>>> print(open('query.pdb').read())   # PDB, C-alpha atoms
ATOM      1  CA  MET N   1       0.000   0.000   0.000
ATOM      2  CA  ALA N   2       1.417   3.392  -0.909
ATOM      3  CA  GLU N   3       2.020   5.676   2.051
ATOM      4  CA  ASN N   4      -0.372   8.285   0.742
ATOM      5  CA  GLU N   5      -3.196   5.729   0.777
ATOM      6  CA  CYS N   6      -2.456   4.335   4.235
ATOM      7  CA  VAL N   7      -5.184   5.096   6.766
ATOM      8  CA  PHE N   8      -2.683   5.336   9.639
ATOM      9  CA  CYS N   9      -0.493   7.745   7.651
ATOM     10  CA  LYS N  10      -3.611   9.868   7.175
ATOM     11  CA  MET N  11      -4.160   9.797  10.934
ATOM     12  CA  VAL N  12      -0.562  10.849  11.525
ATOM     13  CA  THR N  13      -0.963  13.883   9.255
ATOM     14  CA  GLY N  14      -4.411  14.726  10.604
ATOM     15  CA  ARG N  15      -6.307  14.034   7.395
ATOM     16  CA  ILE N  16      -8.311  11.501   9.392
ATOM     17  CA  PRO N  17      -9.170  12.625  12.956
ATOM     18  CA  VAL N  18      -8.304  10.413  15.921
ATOM     19  CA  ALA N  19      -8.863  10.382  19.671
ATOM     20  CA  LYS N  20      -5.216  11.153  20.340
ATOM     21  CA  LEU N  21      -3.616   9.960  23.587
ATOM     22  CA  TYR N  22       0.092  10.603  23.104
ATOM     23  CA  GLU N  23       2.304  12.047  20.408
ATOM     24  CA  ASP N  24       5.972  12.831  19.884
ATOM     25  CA  ASP N  25       8.227  13.080  16.854
ATOM     26  CA  ASP N  26       8.222   9.321  16.216
ATOM     27  CA  VAL N  27       5.192   7.840  17.928
ATOM     28  CA  LEU N  28       1.423   8.362  17.937
ATOM     29  CA  ALA N  29      -1.055   6.673  20.291
ATOM     30  CA  PHE N  30      -4.809   6.853  19.819
ATOM     31  CA  LEU N  31      -8.007   4.914  20.479
ATOM     32  CA  ASP N  32      -8.793   2.129  18.006
ATOM     33  CA  ILE N  33     -12.068   3.090  16.298
ATOM     34  CA  GLY N  34     -13.051  -0.579  16.190
ATOM     35  CA  PRO N  35     -12.182  -1.643  19.753
ATOM     36  CA  ILE N  36     -12.546  -5.133  21.166
ATOM     37  CA  SER N  37     -12.496  -3.638  24.665
ATOM     38  CA  ASP N  38     -13.219  -0.082  25.858
ATOM     39  CA  GLY N  39      -9.969   1.896  25.793
ATOM     40  CA  HIS N  40      -8.376  -0.387  23.175
ATOM     41  CA  THR N  41      -5.408   1.705  22.063
ATOM     42  CA  LEU N  42      -3.053   1.674  19.087
ATOM     43  CA  VAL N  43       0.551   2.792  19.388
ATOM     44  CA  ILE N  44       2.132   3.362  15.990
ATOM     45  CA  SER N  45       5.267   4.590  14.318
ATOM     46  CA  LYS N  46       4.594   7.899  12.585
ATOM     47  CA  LYS N  47       6.765   6.806   9.701
ATOM     48  CA  HIS N  48       5.310   4.138   7.474
ATOM     49  CA  PHE N  49       6.719   0.630   7.887
ATOM     50  CA  GLU N  50       4.614  -2.419   7.207
ATOM     51  CA  LYS N  51       5.822  -4.915   9.760
ATOM     52  CA  ILE N  52       7.999  -5.127  12.853
ATOM     53  CA  HIS N  53      10.872  -6.627  10.885
ATOM     54  CA  ASP N  54      10.689  -3.712   8.419
ATOM     55  CA  CYS N  55      11.079  -1.195  11.243
ATOM     56  CA  PRO N  56      14.575   0.050  12.144
ATOM     57  CA  PRO N  57      15.433  -1.414  15.584
ATOM     58  CA  GLU N  58      15.986   2.096  16.997
ATOM     59  CA  LEU N  59      12.460   3.116  16.017
ATOM     60  CA  LEU N  60      10.965  -0.063  17.434
ATOM     61  CA  ALA N  61      12.838   0.681  20.652
ATOM     62  CA  LYS N  62      11.353   4.194  20.762
ATOM     63  CA  ILE N  63       7.825   2.861  20.280
ATOM     64  CA  ALA N  64       8.317   0.167  22.930
ATOM     65  CA  SER N  65       9.713   2.598  25.472
ATOM     66  CA  HIS N  66       6.248   4.217  25.645
ATOM     67  CA  LEU N  67       4.202   1.023  25.916
ATOM     68  CA  GLY N  68       4.446   0.674  29.684
ATOM     69  CA  LYS N  69       3.229   4.101  30.669
ATOM     70  CA  ILE N  70       0.476   4.130  28.055
ATOM     71  CA  ALA N  71      -0.681   0.616  29.026
ATOM     72  CA  LYS N  72      -0.752   1.630  32.685
ATOM     73  CA  ALA N  73      -2.832   4.741  31.937
ATOM     74  CA  VAL N  74      -5.220   2.772  29.715
ATOM     75  CA  THR N  75      -5.619   0.041  32.344
ATOM     76  CA  GLU N  76      -6.291   2.529  35.147
ATOM     77  CA  ALA N  77      -8.733   4.568  33.073
ATOM     78  CA  THR N  78     -10.755   1.485  32.167
ATOM     79  CA  ASN N  79     -10.553  -0.271  35.552
ATOM     80  CA  ALA N  80      -9.072  -3.274  33.775
ATOM     81  CA  GLN N  81      -7.318  -6.123  35.599
ATOM     82  CA  GLY N  82      -4.723  -6.660  32.880
ATOM     83  CA  TYR N  83      -3.880  -6.006  29.247
ATOM     84  CA  ASN N  84      -2.448  -7.536  26.122
ATOM     85  CA  VAL N  85       0.113  -5.830  23.937
ATOM     86  CA  LEU N  86      -0.263  -7.309  20.478
ATOM     87  CA  CYS N  87       1.310  -6.587  17.122
ATOM     88  CA  ASN N  88      -0.062  -8.549  14.168
ATOM     89  CA  ASN N  89       2.273  -8.912  11.217
ATOM     90  CA  GLY N  90       0.788 -10.084   7.939
ATOM     91  CA  ARG N  91      -2.807 -10.628   6.850
ATOM     92  CA  VAL N  92      -2.666 -14.235   8.044
ATOM     93  CA  ALA N  93      -1.828 -12.919  11.519
ATOM     94  CA  GLY N  94      -4.785 -10.535  11.575
ATOM     95  CA  GLN N  95      -3.003  -7.372  10.394
ATOM     96  CA  LEU N  96      -5.684  -5.251   8.725
ATOM     97  CA  VAL N  97      -3.659  -2.058   8.201
ATOM     98  CA  ASN N  98      -0.205  -2.546   6.722
ATOM     99  CA  HIS N  99       1.436   0.043   8.962
ATOM    100  CA  VAL N 100       3.149  -1.322  12.064
ATOM    101  CA  HIS N 101       0.984  -0.878  15.165
ATOM    102  CA  PHE N 102       0.816  -2.227  18.701
ATOM    103  CA  HIS N 103      -2.598  -2.901  20.191
ATOM    104  CA  ILE N 104      -3.025  -2.304  23.914
ATOM    105  CA  ILE N 105      -6.145  -4.247  24.889
ATOM    106  CA  PRO N 106      -7.551  -3.778  28.412
ATOM    107  CA  ARG N 107      -8.754  -7.066  29.880
ATOM    108  CA  HIS N 108     -11.470  -7.976  32.330
ATOM    109  CA  SER N 109     -12.379 -11.325  33.826
ATOM    110  CA  GLU N 110     -14.956 -13.223  31.791
ATOM    111  CA  ASP N 111     -14.349 -11.107  28.665
ATOM    112  CA  LYS N 112     -13.540 -14.296  26.715
ATOM    113  CA  LEU N 113     -10.968 -12.586  24.452
ATOM    114  CA  PHE N 114      -8.096 -14.768  23.161
ATOM    115  CA  ALA N 115      -9.561 -17.740  25.022
ATOM    116  CA  ASN N 116      -8.166 -20.161  22.420
ATOM    117  CA  TRP N 117      -4.558 -21.101  23.364
ATOM    118  CA  PRO N 118      -4.037 -24.588  21.931
ATOM    119  CA  SER N 119      -0.574 -25.323  23.291
ATOM    120  CA  TYR N 120       1.084 -28.689  22.687
ATOM    121  CA  GLU N 121       4.436 -30.380  23.291
ATOM    122  CA  TYR N 122       7.117 -30.968  20.678
ATOM    123  CA  GLU N 123       7.928 -34.580  19.870
ATOM    124  CA  LYS N 124      11.435 -35.579  21.001
ATOM    125  CA  GLY N 125      14.204 -33.776  19.085
ATOM    126  CA  LYS N 126      11.915 -31.437  17.151
ATOM    127  CA  ALA N 127      12.486 -28.306  19.249
ATOM    128  CA  GLU N 128      16.260 -28.622  18.779
ATOM    129  CA  LYS N 129      15.851 -28.951  15.002
ATOM    130  CA  ILE N 130      13.630 -25.888  14.827
ATOM    131  CA  ALA N 131      15.966 -23.920  17.092
ATOM    132  CA  ASP N 132      18.912 -24.784  14.825
ATOM    133  CA  LYS N 133      16.978 -23.569  11.767
ATOM    134  CA  ILE N 134      16.050 -20.304  13.464
ATOM    135  CA  LYS N 135      19.612 -19.698  14.641
ATOM    136  CA  ALA N 136      20.877 -20.293  11.096
ATOM    137  CA  ASN N 137      18.574 -17.443   9.999
ATOM    138  CA  LEU N 138      19.615 -15.064  12.768
TER     139      LEU N 138
ATOM    140  CA  MET A   1       6.364 -14.668  42.928
ATOM    141  CA  ALA A   2       9.887 -14.362  44.291
ATOM    142  CA  GLU A   3      12.641 -14.178  41.690
ATOM    143  CA  ASN A   4      14.282 -17.359  42.933
ATOM    144  CA  GLU A   5      11.089 -19.288  42.283
ATOM    145  CA  CYS A   6      10.399 -17.841  38.825
ATOM    146  CA  VAL A   7      10.683 -20.425  36.055
ATOM    147  CA  PHE A   8      12.007 -17.834  33.576
ATOM    148  CA  CYS A   9      14.655 -16.654  36.058
ATOM    149  CA  LYS A  10      15.737 -20.298  36.325
ATOM    150  CA  MET A  11      16.003 -20.437  32.533
ATOM    151  CA  VAL A  12      18.090 -17.261  32.529
ATOM    152  CA  THR A  13      20.557 -18.745  34.998
ATOM    153  CA  GLY A  14      20.590 -22.160  33.299
ATOM    154  CA  ARG A  15      18.963 -24.057  36.172
ATOM    155  CA  ILE A  16      16.255 -25.026  33.672
ATOM    156  CA  PRO A  17      17.538 -25.818  30.157
ATOM    157  CA  VAL A  18      16.054 -24.053  27.124
ATOM    158  CA  ALA A  19      16.368 -24.215  23.352
ATOM    159  CA  LYS A  20      18.221 -20.909  23.246
ATOM    160  CA  LEU A  21      17.964 -18.724  20.129
ATOM    161  CA  TYR A  22      19.554 -15.443  21.162
ATOM    162  CA  GLU A  23      21.196 -14.022  24.254
ATOM    163  CA  ASP A  24      22.932 -10.829  25.321
ATOM    164  CA  ASP A  25      23.396  -9.051  28.648
ATOM    165  CA  ASP A  26      19.756  -7.999  28.894
ATOM    166  CA  VAL A  27      17.704 -10.268  26.669
ATOM    167  CA  LEU A  28      17.124 -14.011  26.216
ATOM    168  CA  ALA A  29      15.136 -15.631  23.394
ATOM    169  CA  PHE A  30      14.178 -19.316  23.398
ATOM    170  CA  LEU A  31      11.518 -21.708  22.130
ATOM    171  CA  ASP A  32       8.336 -21.862  24.199
ATOM    172  CA  ILE A  33       8.091 -25.436  25.553
ATOM    173  CA  GLY A  34       4.305 -25.285  25.175
ATOM    174  CA  PRO A  35       4.027 -23.795  21.675
ATOM    175  CA  ILE A  36       0.783 -22.967  19.892
ATOM    176  CA  SER A  37       2.681 -23.014  16.569
ATOM    177  CA  ASP A  38       6.011 -24.652  15.655
ATOM    178  CA  GLY A  39       8.800 -22.145  16.320
ATOM    179  CA  HIS A  40       6.746 -20.226  18.920
ATOM    180  CA  THR A  41       9.424 -18.123  20.600
ATOM    181  CA  LEU A  42       9.669 -16.166  23.835
ATOM    182  CA  VAL A  43      11.784 -13.039  24.126
ATOM    183  CA  ILE A  44      12.331 -12.048  27.735
ATOM    184  CA  SER A  45      14.160  -9.589  29.922
ATOM    185  CA  LYS A  46      16.876 -11.391  31.868
ATOM    186  CA  LYS A  47      16.074  -9.273  34.876
ATOM    187  CA  HIS A  48      12.840 -10.092  36.630
ATOM    188  CA  PHE A  49       9.974  -7.666  36.071
ATOM    189  CA  GLU A  50       6.386  -8.817  36.170
ATOM    190  CA  LYS A  51       4.692  -6.673  33.571
ATOM    191  CA  ILE A  52       5.515  -4.249  30.782
ATOM    192  CA  HIS A  53       4.650  -1.268  32.964
ATOM    193  CA  ASP A  54       7.037  -2.554  35.646
ATOM    194  CA  CYS A  55       9.917  -2.644  33.158
ATOM    195  CA  PRO A  56      12.206   0.397  32.860
ATOM    196  CA  PRO A  57      11.511   1.983  29.433
ATOM    197  CA  GLU A  58      15.184   1.599  28.448
ATOM    198  CA  LEU A  59      15.030  -2.150  29.052
ATOM    199  CA  LEU A  60      11.764  -2.480  27.145
ATOM    200  CA  ALA A  61      13.435  -0.616  24.284
ATOM    201  CA  LYS A  62      16.352  -3.055  24.328
ATOM    202  CA  ILE A  63      14.034  -6.063  24.205
ATOM    203  CA  ALA A  64      11.964  -4.547  21.392
ATOM    204  CA  SER A  65      15.000  -3.681  19.304
ATOM    205  CA  HIS A  66      15.581  -7.439  18.837
ATOM    206  CA  LEU A  67      12.009  -8.407  18.002
ATOM    207  CA  GLY A  68      12.249  -7.703  14.277
ATOM    208  CA  LYS A  69      15.280  -9.796  13.468
ATOM    209  CA  ILE A  70      14.173 -12.669  15.701
ATOM    210  CA  ALA A  71      10.649 -12.630  14.253
ATOM    211  CA  LYS A  72      12.071 -12.653  10.714
ATOM    212  CA  ALA A  73      14.336 -15.621  11.488
ATOM    213  CA  VAL A  74      11.492 -17.527  13.173
ATOM    214  CA  THR A  75       9.147 -16.820  10.265
ATOM    215  CA  GLU A  76      11.675 -17.929   7.667
ATOM    216  CA  ALA A  77      12.649 -21.070   9.576
ATOM    217  CA  THR A  78       9.020 -22.158   9.901
ATOM    218  CA  ASN A  79       7.853 -21.107   6.436
ATOM    219  CA  ALA A  80       5.191 -18.987   8.088
ATOM    220  CA  GLN A  81       3.231 -16.304   6.257
ATOM    221  CA  GLY A  82       3.087 -13.934   9.202
ATOM    222  CA  TYR A  83       3.482 -13.681  12.964
ATOM    223  CA  ASN A  84       2.021 -12.175  16.086
ATOM    224  CA  VAL A  85       4.062 -10.455  18.749
ATOM    225  CA  LEU A  86       2.097 -10.716  21.968
ATOM    226  CA  CYS A  87       2.779  -9.754  25.547
ATOM    227  CA  ASN A  88       0.147 -10.779  28.096
ATOM    228  CA  ASN A  89       0.076  -8.737  31.281
ATOM    229  CA  GLY A  90      -1.883 -10.124  34.207
ATOM    230  CA  ARG A  91      -3.565 -13.489  34.761
ATOM    231  CA  VAL A  92      -6.795 -12.162  33.243
ATOM    232  CA  ALA A  93      -4.842 -11.405  30.052
ATOM    233  CA  GLY A  94      -3.414 -14.925  29.841
ATOM    234  CA  GLN A  95      -0.066 -14.284  31.554
ATOM    235  CA  LEU A  96       0.967 -17.632  33.052
ATOM    236  CA  VAL A  97       4.511 -16.703  34.143
ATOM    237  CA  ASN A  98       4.836 -13.420  36.021
ATOM    238  CA  HIS A  99       8.059 -12.402  34.265
ATOM    239  CA  VAL A 100       7.647 -10.072  31.299
ATOM    240  CA  HIS A 101       7.863 -11.965  27.987
ATOM    241  CA  PHE A 102       7.003 -11.372  24.369
ATOM    242  CA  HIS A 103       5.594 -14.268  22.378
ATOM    243  CA  ILE A 104       6.529 -14.475  18.708
ATOM    244  CA  ILE A 105       3.943 -16.774  17.153
ATOM    245  CA  PRO A 106       4.447 -17.908  13.532
ATOM    246  CA  ARG A 107       1.169 -17.941  11.604
ATOM    247  CA  HIS A 108      -0.141 -20.018   8.732
ATOM    248  CA  SER A 109      -3.386 -19.727   6.820
ATOM    249  CA  GLU A 110      -6.195 -21.815   8.302
ATOM    250  CA  ASP A 111      -4.423 -22.170  11.674
ATOM    251  CA  LYS A 112      -7.469 -20.606  13.374
ATOM    252  CA  LEU A 113      -5.418 -18.925  16.127
ATOM    253  CA  PHE A 114      -6.844 -15.682  17.566
ATOM    254  CA  ALA A 115      -9.846 -16.002  15.244
ATOM    255  CA  ASN A 116     -12.066 -14.208  17.762
ATOM    256  CA  TRP A 117     -11.821 -10.424  17.211
ATOM    257  CA  PRO A 118     -15.181  -9.018  18.358
ATOM    258  CA  SER A 119     -14.725  -5.380  17.413
ATOM    259  CA  TYR A 120     -17.513  -2.871  17.878
ATOM    260  CA  GLU A 121     -18.105   0.860  17.561
ATOM    261  CA  TYR A 122     -18.249   3.331  20.436
ATOM    262  CA  GLU A 123     -21.544   5.106  20.969
ATOM    263  CA  LYS A 124     -21.346   8.841  20.219
ATOM    264  CA  GLY A 125     -19.106  10.749  22.636
ATOM    265  CA  LYS A 126     -17.821   7.692  24.489
ATOM    266  CA  ALA A 127     -14.395   7.502  22.799
ATOM    267  CA  GLU A 128     -13.693  11.136  23.718
ATOM    268  CA  LYS A 129     -14.627  10.495  27.362
ATOM    269  CA  ILE A 130     -12.361   7.438  27.555
ATOM    270  CA  ALA A 131      -9.526   9.303  25.817
ATOM    271  CA  ASP A 132      -9.813  12.137  28.358
ATOM    272  CA  LYS A 133      -9.622   9.639  31.241
ATOM    273  CA  ILE A 134      -6.548   7.959  29.760
ATOM    274  CA  LYS A 135      -4.822  11.289  29.127
ATOM    275  CA  ALA A 136      -5.495  12.294  32.732
ATOM    276  CA  ASN A 137      -3.571   9.165  33.797
ATOM    277  CA  LEU A 138      -0.645   9.738  31.427
TER     278      LEU A 138
END
>>> encode(input="query.pdb", output="structure tokens")
Amino acid sequence: MAENECVFCKMVTGRIPVAKLYEDDDVLAFLDIGPISDGHTLVISKKHFEKIHDCPPELLAKIASHLGKIAKAVTEATNAQGYNVLCNNGRVAGQLVNHVHFHIIPRHSEDKLFANWPSYEYEKGKAEKIADKIKANL
Amino acid sequence: MAENECVFCKMVTGRIPVAKLYEDDDVLAFLDIGPISDGHTLVISKKHFEKIHDCPPELLAKIASHLGKIAKAVTEATNAQGYNVLCNNGRVAGQLVNHVHFHIIPRHSEDKLFANWPSYEYEKGKAEKIADKIKANL
């Protein structure tokens, strides 16, 4: 998607209004207009990068350095008991806007979000093989 | 939970073995032993902090600066089409180990993970009220 067509880029430049929570030279935080929980917040890079691995590490570090204080403020304001910080990368992972963004999702007991966590165990030797493959790519 | 009883602290000090992927002075990355997708990786602070908002921003920045390259290596090694980066904070949010950790979860089409995304719209004026509350806490 070209930058000038990206909905988050339009929010950064003010062409689309947002309920702004925090802003500095690199980072913008605002309420998701399609929340899955009241106070559901997006923290984005102002500059357009599609995915986390496209983002310069220094920029990712700047974004992350704000996550704690914003998450705390969101959690307190919504009387939540916890929160998820989630960044979806790729359509298959649920990324709907191809501009890197971190969701902060306030959580309450019995809200039934992300209830599906189908964890399993590796068969013997498989974890080591996968780890070797990953390390070869690092 | 005291640090000396924390399972992730034991992994950091080697008292519990892990399939290690990356390590430096501040950060450790290893395969989750209860994956929800092959290659499911955890990236943690070596020092014990419970939640993102407990973590010093500089440390959070250091952890985040490694997420891109690790996620790329995990995705390539598992032939995934995308990935989620997820940090659960609080039992209600699915945090099982009270030591801050980022999940990197490789994703494939039809894997049905995180399929539940019940987004809604705010009634008129509500987003502004919530945003004001959050800003008052920032």
>>> closest_atom_pairs(input="query.pdb", of="chain N", to="chain A", cutoff="7 Å", atoms="all atoms listed in the file", output="Markdown table")
| residue | atom | partner | partner_atom | distance |
| --- | --- | --- | --- | --- |
| N:Ala19 | CA | A:Ala131 | CA | 6.3 |
| N:Leu21 | CA | A:Lys135 | CA | 5.8 |
| N:Ile33 | CA | A:Glu121 | CA | 6.6 |
| N:Gly34 | CA | A:Ser119 | CA | 5.2 |
| N:Pro35 | CA | A:Ser119 | CA | 5.1 |
| N:Ile36 | CA | A:Ser119 | CA | 4.3 |
| N:Gly39 | CA | A:Ile130 | CA | 6.3 |
| N:Ile52 | CA | A:Gly68 | CA | 5.2 |
| N:His53 | CA | A:Gly68 | CA | 3.8 |
| N:Pro57 | CA | A:Ser65 | CA | 4.4 |
| N:Glu58 | CA | A:Ser65 | CA | 6.3 |
| N:Leu60 | CA | A:Ser65 | CA | 5.7 |
| N:Ala61 | CA | A:Ala61 | CA | 3.9 |
| N:Lys62 | CA | A:Ala61 | CA | 6.3 |
| N:Ala64 | CA | A:Ala61 | CA | 5.4 |
| N:Ser65 | CA | A:Pro57 | CA | 4.4 |
| N:His66 | CA | A:Pro57 | CA | 6.9 |
| N:Gly68 | CA | A:His53 | CA | 3.8 |
| N:Lys69 | CA | A:His53 | CA | 6.0 |
| N:Ile70 | CA | A:Leu138 | CA | 6.6 |
| N:Ala71 | CA | A:His53 | CA | 6.9 |
| N:Lys72 | CA | A:His53 | CA | 6.1 |
| N:Ala73 | CA | A:Asn137 | CA | 4.9 |
| N:Val74 | CA | A:Ile134 | CA | 5.4 |
| N:Ala77 | CA | A:Ile134 | CA | 5.2 |
| N:Gln81 | CA | A:Val92 | CA | 6.5 |
| N:Gly82 | CA | A:Gly90 | CA | 4.7 |
| N:Tyr83 | CA | A:Asn89 | CA | 5.2 |
| N:Asn84 | CA | A:Asn88 | CA | 4.6 |
| N:Val85 | CA | A:Cys87 | CA | 5.0 |
| N:Leu86 | CA | A:Leu86 | CA | 4.4 |
| N:Cys87 | CA | A:Val85 | CA | 5.0 |
| N:Asn88 | CA | A:Asn84 | CA | 4.6 |
| N:Asn89 | CA | A:Tyr83 | CA | 5.2 |
| N:Gly90 | CA | A:Gly82 | CA | 4.7 |
| N:Val92 | CA | A:Ser109 | CA | 5.7 |
| N:Ala93 | CA | A:Gly82 | CA | 5.5 |
| N:Arg107 | CA | A:Ala93 | CA | 5.8 |
| N:His108 | CA | A:Val92 | CA | 6.3 |
| N:Ser109 | CA | A:Val92 | CA | 5.7 |
| N:Leu113 | CA | A:Asn116 | CA | 7.0 |
| N:Phe114 | CA | A:Phe114 | CA | 5.8 |
| N:Asn116 | CA | A:Phe114 | CA | 6.7 |
| N:Trp117 | CA | A:Ile36 | CA | 6.6 |
| N:Pro118 | CA | A:Ile36 | CA | 5.5 |
| N:Ser119 | CA | A:Ile36 | CA | 4.4 |
| N:Tyr120 | CA | A:Gly34 | CA | 5.3 |
| N:Glu121 | CA | A:Gly34 | CA | 5.4 |
| N:Ala127 | CA | A:Ala19 | CA | 7.0 |
| N:Glu128 | CA | A:Ala19 | CA | 6.4 |
| N:Ile130 | CA | A:Gly39 | CA | 6.3 |
| N:Ala131 | CA | A:Ala19 | CA | 6.3 |
| N:Lys133 | CA | A:Ala77 | CA | 5.5 |
| N:Ile134 | CA | A:Ala77 | CA | 5.2 |
| N:Lys135 | CA | A:Leu21 | CA | 5.8 |
| N:Asn137 | CA | A:Ala73 | CA | 4.8 |
| N:Leu138 | CA | A:Ala73 | CA | 5.5 |
>>> axis_aligned_box(input="query.pdb", around="region 78-93 of chain N", padding_each_side="8 Å", output="AutoDock Vina command-line options")
--center_x -4.2 --center_y -6.4 --center_z 21.2 --size_x 29.0 --size_y 31.7 --size_z 44.7
>>> atom_distance(input="query.pdb", atom1="CA of Asp26 (chain N)", atom2="CA of Glu23 (chain A)")
27.9 Å
>>> closest_residue(input="query.pdb", among="N:Asn79, N:Glu50, N:Val97, N:Val27", to="Phe8 (chain N)", atoms="only C-alpha atoms")
N:Val97
>>> atom_distance(input="query.pdb", atom1="CA of Asn98 (chain A)", atom2="CA of Ile44 (chain A)")
11.3 Å
